[in-house]
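Q: The file below is final35.cif, mmCIF, N, CA and C atoms:
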```cif
data_final
loop_
_atom_site.label_atom_id
_atom_site.label_comp_id
_atom_site.auth_asym_id
_atom_site.auth_seq_id
_atom_site.Cartn_x
_atom_site.Cartn_y
_atom_site.Cartn_z
N MET A 1 -80.97 -49.54 0.42
CA MET A 1 -82.25 -48.86 0.42
C MET A 1 -82.01 -47.37 0.60
N PRO A 2 -82.55 -46.52 -0.26
CA PRO A 2 -82.34 -45.08 -0.18
C PRO A 2 -83.04 -44.48 1.04
N ILE A 3 -82.43 -43.40 1.57
CA ILE A 3 -83.00 -42.69 2.71
C ILE A 3 -84.04 -41.72 2.18
N PRO A 4 -85.26 -41.71 2.76
CA PRO A 4 -86.29 -40.77 2.32
C PRO A 4 -85.80 -39.32 2.48
N HIS A 5 -86.30 -38.46 1.60
CA HIS A 5 -85.87 -37.07 1.54
C HIS A 5 -85.98 -36.37 2.90
N ARG A 6 -87.09 -36.50 3.58
CA ARG A 6 -87.30 -35.85 4.87
C ARG A 6 -86.30 -36.36 5.90
N SER A 7 -86.04 -37.66 5.98
CA SER A 7 -85.08 -38.24 6.92
C SER A 7 -83.66 -37.80 6.57
N ARG A 8 -83.36 -37.75 5.28
CA ARG A 8 -82.04 -37.33 4.84
C ARG A 8 -81.78 -35.88 5.27
N HIS A 9 -82.78 -35.02 5.12
CA HIS A 9 -82.67 -33.62 5.50
C HIS A 9 -82.38 -33.49 7.01
N ARG A 10 -83.10 -34.26 7.84
CA ARG A 10 -82.86 -34.23 9.28
C ARG A 10 -81.47 -34.75 9.62
N LEU A 11 -81.03 -35.78 8.95
CA LEU A 11 -79.71 -36.36 9.18
C LEU A 11 -78.61 -35.35 8.84
N VAL A 12 -78.75 -34.68 7.70
CA VAL A 12 -77.76 -33.67 7.31
C VAL A 12 -77.73 -32.52 8.33
N ARG A 13 -78.91 -32.09 8.76
CA ARG A 13 -78.97 -31.00 9.74
C ARG A 13 -78.31 -31.43 11.06
N ARG A 14 -78.57 -32.65 11.51
CA ARG A 14 -77.96 -33.15 12.75
C ARG A 14 -76.44 -33.25 12.61
N MET A 15 -75.96 -33.70 11.45
CA MET A 15 -74.52 -33.81 11.21
C MET A 15 -73.87 -32.42 11.25
N ARG A 16 -74.53 -31.42 10.66
CA ARG A 16 -73.99 -30.06 10.68
C ARG A 16 -73.93 -29.50 12.10
N GLN A 17 -74.98 -29.76 12.89
CA GLN A 17 -75.00 -29.30 14.28
C GLN A 17 -73.89 -29.96 15.09
N THR A 18 -73.72 -31.25 14.89
CA THR A 18 -72.67 -31.99 15.59
C THR A 18 -71.30 -31.45 15.20
N ALA A 19 -71.09 -31.18 13.92
CA ALA A 19 -69.81 -30.65 13.45
C ALA A 19 -69.56 -29.27 14.04
N ALA A 20 -70.59 -28.43 14.11
CA ALA A 20 -70.44 -27.08 14.67
C ALA A 20 -70.08 -27.14 16.14
N VAL A 21 -70.77 -28.00 16.91
CA VAL A 21 -70.48 -28.15 18.33
C VAL A 21 -69.06 -28.68 18.52
N SER A 22 -68.66 -29.63 17.72
CA SER A 22 -67.30 -30.18 17.80
C SER A 22 -66.26 -29.12 17.50
N ALA A 23 -66.50 -28.30 16.48
CA ALA A 23 -65.54 -27.24 16.11
C ALA A 23 -65.39 -26.23 17.24
N VAL A 24 -66.51 -25.84 17.85
CA VAL A 24 -66.45 -24.89 18.96
C VAL A 24 -65.72 -25.51 20.15
N SER A 25 -66.01 -26.76 20.45
CA SER A 25 -65.34 -27.45 21.56
C SER A 25 -63.84 -27.52 21.33
N ILE A 26 -63.44 -27.88 20.14
CA ILE A 26 -62.02 -27.97 19.82
C ILE A 26 -61.36 -26.60 19.93
N ALA A 27 -62.03 -25.58 19.44
CA ALA A 27 -61.48 -24.22 19.52
C ALA A 27 -61.31 -23.79 20.97
N LEU A 28 -62.32 -24.08 21.81
CA LEU A 28 -62.23 -23.70 23.22
C LEU A 28 -61.12 -24.47 23.93
N ILE A 29 -61.05 -25.76 23.70
CA ILE A 29 -60.01 -26.57 24.32
C ILE A 29 -58.65 -26.13 23.83
N GLY A 30 -58.52 -25.93 22.53
CA GLY A 30 -57.24 -25.49 21.97
C GLY A 30 -56.83 -24.14 22.51
N GLY A 31 -57.79 -23.24 22.66
CA GLY A 31 -57.48 -21.92 23.22
C GLY A 31 -57.03 -22.02 24.66
N ALA A 32 -57.68 -22.88 25.43
CA ALA A 32 -57.30 -23.04 26.82
C ALA A 32 -55.90 -23.61 26.94
N VAL A 33 -55.60 -24.56 26.09
CA VAL A 33 -54.27 -25.15 26.12
C VAL A 33 -53.23 -24.12 25.68
N ALA A 34 -53.54 -23.34 24.67
CA ALA A 34 -52.58 -22.36 24.17
C ALA A 34 -52.34 -21.26 25.19
N LEU A 35 -53.33 -20.92 26.01
CA LEU A 35 -53.18 -19.85 26.97
C LEU A 35 -52.55 -20.29 28.28
N ALA A 36 -52.52 -21.58 28.53
CA ALA A 36 -51.96 -22.06 29.79
C ALA A 36 -50.44 -21.94 29.77
N PRO A 37 -49.85 -21.28 30.78
CA PRO A 37 -48.40 -21.14 30.82
C PRO A 37 -47.73 -22.44 31.24
N ALA A 38 -46.47 -22.57 30.88
CA ALA A 38 -45.71 -23.75 31.30
C ALA A 38 -45.54 -23.67 32.82
N ALA A 39 -45.89 -24.73 33.49
CA ALA A 39 -45.90 -24.72 34.94
C ALA A 39 -44.50 -24.77 35.54
N THR A 40 -43.57 -25.42 34.88
CA THR A 40 -42.26 -25.61 35.49
C THR A 40 -41.13 -24.92 34.75
N ALA A 41 -41.37 -24.36 33.61
CA ALA A 41 -40.29 -23.77 32.84
C ALA A 41 -40.23 -22.26 33.05
N VAL A 42 -39.06 -21.78 33.44
CA VAL A 42 -38.83 -20.35 33.60
C VAL A 42 -37.52 -20.05 32.89
N GLY A 43 -37.59 -19.26 31.86
CA GLY A 43 -36.39 -18.95 31.10
C GLY A 43 -35.78 -17.64 31.53
N GLN A 44 -35.28 -16.92 30.56
CA GLN A 44 -34.59 -15.67 30.81
C GLN A 44 -35.51 -14.62 31.45
N SER A 45 -36.81 -14.82 31.39
CA SER A 45 -37.75 -13.86 31.98
C SER A 45 -37.55 -13.71 33.49
N ALA A 46 -36.93 -14.70 34.14
CA ALA A 46 -36.70 -14.62 35.58
C ALA A 46 -35.43 -13.84 35.91
N CYS A 47 -34.72 -13.39 34.90
CA CYS A 47 -33.49 -12.62 35.12
C CYS A 47 -33.83 -11.22 35.60
N SER A 48 -32.92 -10.67 36.37
CA SER A 48 -33.04 -9.27 36.77
C SER A 48 -31.68 -8.63 36.56
N GLY A 49 -31.69 -7.38 36.15
CA GLY A 49 -30.42 -6.70 35.91
C GLY A 49 -29.87 -6.97 34.53
N PRO A 50 -28.58 -6.69 34.36
CA PRO A 50 -27.97 -6.77 33.02
C PRO A 50 -27.70 -8.20 32.57
N THR A 51 -27.42 -8.34 31.29
CA THR A 51 -26.95 -9.62 30.77
C THR A 51 -25.43 -9.59 30.76
N TYR A 52 -24.80 -10.76 30.90
CA TYR A 52 -23.36 -10.82 31.07
C TYR A 52 -22.62 -11.38 29.86
N ASN A 53 -23.07 -12.52 29.35
CA ASN A 53 -22.39 -13.20 28.26
C ASN A 53 -20.95 -13.58 28.65
N LEU A 54 -20.80 -14.13 29.87
CA LEU A 54 -19.49 -14.52 30.39
C LEU A 54 -19.24 -16.00 30.24
N PRO A 55 -18.05 -16.40 29.77
CA PRO A 55 -17.73 -17.84 29.71
C PRO A 55 -17.45 -18.36 31.12
N VAL A 56 -18.10 -19.46 31.46
CA VAL A 56 -17.93 -20.10 32.77
C VAL A 56 -17.83 -21.60 32.59
N ARG A 57 -17.49 -22.28 33.68
CA ARG A 57 -17.49 -23.75 33.69
C ARG A 57 -17.91 -24.22 35.08
N THR A 58 -18.42 -25.43 35.14
CA THR A 58 -18.82 -25.97 36.44
C THR A 58 -17.57 -26.34 37.22
N ASN A 59 -17.61 -26.10 38.54
CA ASN A 59 -16.44 -26.37 39.38
C ASN A 59 -16.57 -27.64 40.20
N THR A 60 -17.64 -28.37 39.98
CA THR A 60 -17.86 -29.65 40.66
C THR A 60 -18.73 -30.52 39.75
N GLY A 61 -18.79 -31.80 40.06
CA GLY A 61 -19.59 -32.71 39.25
C GLY A 61 -21.01 -32.84 39.76
N SER A 62 -21.88 -33.42 38.97
CA SER A 62 -23.28 -33.68 39.31
C SER A 62 -24.04 -32.41 39.67
N VAL A 63 -23.87 -31.38 38.84
CA VAL A 63 -24.57 -30.12 39.03
C VAL A 63 -25.87 -30.17 38.24
N ASN A 64 -26.98 -29.87 38.90
CA ASN A 64 -28.27 -29.86 38.22
C ASN A 64 -28.41 -28.64 37.32
N LEU A 65 -28.82 -28.86 36.09
CA LEU A 65 -29.25 -27.81 35.19
C LEU A 65 -30.76 -27.77 35.34
N ARG A 66 -31.29 -26.68 35.88
CA ARG A 66 -32.71 -26.63 36.24
C ARG A 66 -33.52 -25.75 35.31
N SER A 67 -34.83 -25.99 35.30
CA SER A 67 -35.74 -25.24 34.44
C SER A 67 -36.06 -23.86 35.01
N GLY A 68 -35.71 -23.59 36.24
CA GLY A 68 -35.93 -22.30 36.88
C GLY A 68 -34.94 -22.06 37.98
N PRO A 69 -34.89 -20.84 38.54
CA PRO A 69 -33.89 -20.48 39.54
C PRO A 69 -34.24 -20.94 40.95
N GLY A 70 -34.06 -22.22 41.22
CA GLY A 70 -34.32 -22.76 42.55
C GLY A 70 -34.42 -24.27 42.52
N THR A 71 -34.26 -24.87 43.67
CA THR A 71 -34.31 -26.34 43.75
C THR A 71 -35.72 -26.89 43.58
N SER A 72 -36.73 -26.04 43.63
CA SER A 72 -38.09 -26.52 43.43
C SER A 72 -38.40 -26.75 41.94
N TYR A 73 -37.55 -26.27 41.06
CA TYR A 73 -37.75 -26.47 39.62
C TYR A 73 -37.15 -27.80 39.19
N SER A 74 -37.71 -28.36 38.14
CA SER A 74 -37.26 -29.66 37.66
C SER A 74 -35.86 -29.59 37.07
N SER A 75 -35.16 -30.71 37.15
CA SER A 75 -33.81 -30.81 36.59
C SER A 75 -33.91 -31.20 35.12
N LYS A 76 -33.13 -30.53 34.29
CA LYS A 76 -33.04 -30.87 32.87
C LYS A 76 -31.93 -31.88 32.64
N GLY A 77 -31.14 -32.14 33.69
CA GLY A 77 -30.05 -33.10 33.61
C GLY A 77 -28.90 -32.67 34.50
N LEU A 78 -27.91 -33.55 34.59
CA LEU A 78 -26.75 -33.28 35.42
C LEU A 78 -25.57 -32.86 34.55
N LEU A 79 -24.82 -31.88 35.05
CA LEU A 79 -23.62 -31.41 34.36
C LEU A 79 -22.40 -31.96 35.08
N SER A 80 -21.42 -32.39 34.32
CA SER A 80 -20.19 -32.90 34.92
C SER A 80 -19.23 -31.77 35.19
N LYS A 81 -18.21 -32.02 36.01
CA LYS A 81 -17.21 -31.01 36.34
C LYS A 81 -16.51 -30.55 35.07
N GLY A 82 -16.37 -29.24 34.93
CA GLY A 82 -15.69 -28.67 33.77
C GLY A 82 -16.59 -28.40 32.57
N THR A 83 -17.90 -28.62 32.72
CA THR A 83 -18.82 -28.33 31.62
C THR A 83 -18.78 -26.83 31.34
N LYS A 84 -18.55 -26.47 30.07
CA LYS A 84 -18.47 -25.06 29.69
C LYS A 84 -19.85 -24.51 29.39
N ALA A 85 -20.04 -23.24 29.74
CA ALA A 85 -21.32 -22.57 29.54
C ALA A 85 -21.09 -21.07 29.37
N THR A 86 -22.13 -20.38 28.94
CA THR A 86 -22.12 -18.93 28.90
C THR A 86 -23.13 -18.44 29.93
N TRP A 87 -22.64 -17.63 30.88
CA TRP A 87 -23.51 -17.05 31.91
C TRP A 87 -24.20 -15.85 31.28
N ILE A 88 -25.51 -15.97 31.11
CA ILE A 88 -26.29 -14.94 30.42
C ILE A 88 -26.77 -13.86 31.39
N CYS A 89 -27.35 -14.29 32.51
CA CYS A 89 -27.87 -13.35 33.50
C CYS A 89 -28.12 -14.10 34.79
N ASP A 90 -28.64 -13.41 35.80
CA ASP A 90 -28.98 -14.09 37.05
C ASP A 90 -30.29 -13.55 37.60
N ASN A 91 -30.76 -14.18 38.68
CA ASN A 91 -32.00 -13.70 39.28
C ASN A 91 -31.68 -12.62 40.30
N SER A 92 -32.67 -12.05 40.92
CA SER A 92 -32.48 -10.88 41.79
C SER A 92 -31.56 -11.15 42.98
N ARG A 93 -31.55 -12.37 43.46
CA ARG A 93 -30.69 -12.69 44.60
C ARG A 93 -29.28 -13.04 44.15
N GLU A 94 -29.08 -13.17 42.83
CA GLU A 94 -27.79 -13.51 42.22
C GLU A 94 -27.24 -14.85 42.69
N SER A 95 -28.11 -15.71 43.20
CA SER A 95 -27.63 -17.02 43.62
C SER A 95 -27.85 -18.09 42.55
N TRP A 96 -28.58 -17.72 41.48
CA TRP A 96 -28.82 -18.64 40.38
C TRP A 96 -28.46 -17.96 39.07
N ALA A 97 -27.73 -18.68 38.24
CA ALA A 97 -27.28 -18.14 36.95
C ALA A 97 -28.05 -18.82 35.82
N TYR A 98 -28.51 -18.01 34.88
CA TYR A 98 -29.14 -18.53 33.66
C TYR A 98 -28.02 -18.70 32.64
N VAL A 99 -27.86 -19.92 32.15
CA VAL A 99 -26.72 -20.23 31.29
C VAL A 99 -27.15 -20.95 30.01
N LYS A 100 -26.25 -20.90 29.03
CA LYS A 100 -26.38 -21.72 27.83
C LYS A 100 -25.19 -22.66 27.85
N ILE A 101 -25.46 -23.95 27.81
CA ILE A 101 -24.40 -24.96 27.88
C ILE A 101 -23.65 -25.01 26.56
N LYS A 102 -22.32 -24.99 26.64
CA LYS A 102 -21.46 -24.95 25.45
C LYS A 102 -20.71 -26.25 25.19
N SER A 103 -20.73 -27.19 26.12
CA SER A 103 -20.02 -28.46 25.93
C SER A 103 -20.77 -29.60 26.60
N GLY A 104 -20.43 -30.80 26.22
CA GLY A 104 -21.02 -31.97 26.86
C GLY A 104 -22.36 -32.38 26.27
N VAL A 105 -23.00 -33.27 26.96
CA VAL A 105 -24.26 -33.87 26.51
C VAL A 105 -25.37 -32.84 26.32
N HIS A 106 -25.39 -31.82 27.15
CA HIS A 106 -26.47 -30.83 27.12
C HIS A 106 -26.11 -29.59 26.30
N LYS A 107 -25.12 -29.70 25.44
CA LYS A 107 -24.67 -28.57 24.62
C LYS A 107 -25.87 -27.94 23.90
N GLY A 108 -25.96 -26.59 23.98
CA GLY A 108 -27.04 -25.86 23.33
C GLY A 108 -28.27 -25.67 24.21
N THR A 109 -28.31 -26.30 25.37
CA THR A 109 -29.46 -26.22 26.27
C THR A 109 -29.34 -25.00 27.18
N PHE A 110 -30.44 -24.30 27.38
CA PHE A 110 -30.50 -23.19 28.32
C PHE A 110 -31.08 -23.69 29.63
N GLY A 111 -30.62 -23.14 30.74
CA GLY A 111 -31.16 -23.52 32.03
C GLY A 111 -30.52 -22.74 33.15
N TRP A 112 -30.87 -23.12 34.38
CA TRP A 112 -30.42 -22.42 35.58
C TRP A 112 -29.49 -23.31 36.39
N VAL A 113 -28.41 -22.70 36.90
CA VAL A 113 -27.42 -23.40 37.72
C VAL A 113 -27.15 -22.53 38.95
N SER A 114 -27.01 -23.15 40.10
CA SER A 114 -26.63 -22.39 41.29
C SER A 114 -25.26 -21.75 41.02
N SER A 115 -25.14 -20.46 41.27
CA SER A 115 -23.90 -19.75 40.94
C SER A 115 -22.71 -20.22 41.78
N ARG A 116 -22.95 -20.94 42.88
CA ARG A 116 -21.82 -21.46 43.67
C ARG A 116 -21.11 -22.59 42.94
N TYR A 117 -21.76 -23.17 41.92
CA TYR A 117 -21.16 -24.30 41.20
C TYR A 117 -20.54 -23.91 39.86
N ILE A 118 -20.40 -22.61 39.61
CA ILE A 118 -19.74 -22.19 38.37
C ILE A 118 -18.62 -21.19 38.70
N GLU A 119 -17.63 -21.12 37.82
CA GLU A 119 -16.53 -20.17 37.95
C GLU A 119 -16.14 -19.70 36.58
N SER A 120 -15.43 -18.58 36.51
CA SER A 120 -15.04 -18.04 35.21
C SER A 120 -14.12 -19.03 34.50
N ASP A 121 -14.26 -19.07 33.20
CA ASP A 121 -13.52 -20.04 32.40
C ASP A 121 -12.18 -19.46 31.97
#
```
Spit out the file's structure as structure tokens when you get a sec.
A:
Amino acid sequence: MPIPHRSRHRLVRRMRQTAAVSAVSIALIGGAVALAPAATAVGQSACSGPTYNLPVRTNTGSVNLRSGPGTSYSSKGLLSKGTKATWICDNSRESWAYVKIKSGVHKGTFGWVSSRYIESD
């Protein structure tokens, strides 16, 4: 059964309004998500001072590769003794090193390691 012209016009108008409200809602939600910073990830932005580019390796096993410079940051995984890395920079206290892993399971991953667990390679 065909929809009468007047009812069809109201239906089309309601569909357009619904689509417009949905588009605005999606844009607002998407914008909020895009503007929200990562809560646990801190990269090279936490570095202070110069960059080093020094070859290092872990001097003990079960070393946490962390998302930020401190034990309060999440672990990206454990590094075994002798894992090779490049020390890129450190934080202001110089107790945490930002590194790029060069060997092992986490090869290519960037993260933070306590500087007491690395030594020059």
Q: Apply the PyMOL selection byres ((chain A and resi 97-109) around 6) to the structure shown and report the selected residues as a tab-separated table (two decimals) with N, CA and C atoms, in the frame of the given file.
A:
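part-v7.tsv, freshly written:
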```tsv
chain	number	residue	atom	x	y	z
A	83	THR	N	-17.90	-28.62	32.72
A	83	THR	CA	-18.82	-28.33	31.62
A	83	THR	C	-18.78	-26.83	31.34
A	84	LYS	N	-18.55	-26.47	30.07
A	84	LYS	CA	-18.47	-25.06	29.69
A	84	LYS	C	-19.85	-24.51	29.39
A	85	ALA	N	-20.04	-23.24	29.74
A	85	ALA	CA	-21.32	-22.57	29.54
A	85	ALA	C	-21.09	-21.07	29.37
A	86	THR	N	-22.13	-20.38	28.94
A	86	THR	CA	-22.12	-18.93	28.90
A	86	THR	C	-23.13	-18.44	29.93
A	87	TRP	N	-22.64	-17.63	30.88
A	87	TRP	CA	-23.51	-17.05	31.91
A	87	TRP	C	-24.20	-15.85	31.28
A	88	ILE	N	-25.51	-15.97	31.11
A	88	ILE	CA	-26.29	-14.94	30.42
A	88	ILE	C	-26.77	-13.86	31.39
A	89	CYS	N	-27.35	-14.29	32.51
A	89	CYS	CA	-27.87	-13.35	33.50
A	89	CYS	C	-28.12	-14.10	34.79
A	90	ASP	N	-28.64	-13.41	35.80
A	90	ASP	CA	-28.98	-14.09	37.05
A	90	ASP	C	-30.29	-13.55	37.60
A	91	ASN	N	-30.76	-14.18	38.68
A	91	ASN	CA	-32.00	-13.70	39.28
A	91	ASN	C	-31.68	-12.62	40.30
A	94	GLU	N	-29.08	-13.17	42.83
A	94	GLU	CA	-27.79	-13.51	42.22
A	94	GLU	C	-27.24	-14.85	42.69
A	95	SER	N	-28.11	-15.71	43.20
A	95	SER	CA	-27.63	-17.02	43.62
A	95	SER	C	-27.85	-18.09	42.55
A	96	TRP	N	-28.58	-17.72	41.48
A	96	TRP	CA	-28.82	-18.64	40.38
A	96	TRP	C	-28.46	-17.96	39.07
A	110	PHE	N	-30.44	-24.30	27.38
A	110	PHE	CA	-30.50	-23.19	28.32
A	110	PHE	C	-31.08	-23.69	29.63
A	111	GLY	N	-30.62	-23.14	30.74
A	111	GLY	CA	-31.16	-23.52	32.03
A	111	GLY	C	-30.52	-22.74	33.15
A	112	TRP	N	-30.87	-23.12	34.38
A	112	TRP	CA	-30.42	-22.42	35.58
A	112	TRP	C	-29.49	-23.31	36.39
A	113	VAL	N	-28.41	-22.70	36.90
A	113	VAL	CA	-27.42	-23.40	37.72
A	113	VAL	C	-27.15	-22.53	38.95
A	114	SER	N	-27.01	-23.15	40.10
A	114	SER	CA	-26.63	-22.39	41.29
A	114	SER	C	-25.26	-21.75	41.02
A	115	SER	N	-25.14	-20.46	41.27
A	115	SER	CA	-23.90	-19.75	40.94
A	115	SER	C	-22.71	-20.22	41.78
```
Q: Record the distance separating CA of Thr51 (chain A) and CA of Gly68 (chain A), expressed in Å with one decimal.
A: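 According to the coordinates, CA of Thr51 (chain A) and CA of Gly68 (chain A) are separated by 16.7 Å.
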Q: On this structure, the PyMOL selection byres ((chain A and resi 48) around 6) would catch which residues? List them as a list in words, sorted by chain and number.
A: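 Written out, the selection comes to Ala46, Cys47, Gly49, Pro50, Asp90, Asn91 and Ser92 of chain A.
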Q: State, in Å with one decimal place, the distance from CA of Val42 (chain A) to CA of Asn59 (chain A).
A: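 Taking CA of Val42 (chain A) as the start and CA of Asn59 (chain A) as the end point, the length is 23.9 Å.
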Q: Distance atom N of Leu54 (chain A)-atom C of Arg116 (chain A), one decimal place?
A: 15.6 Å
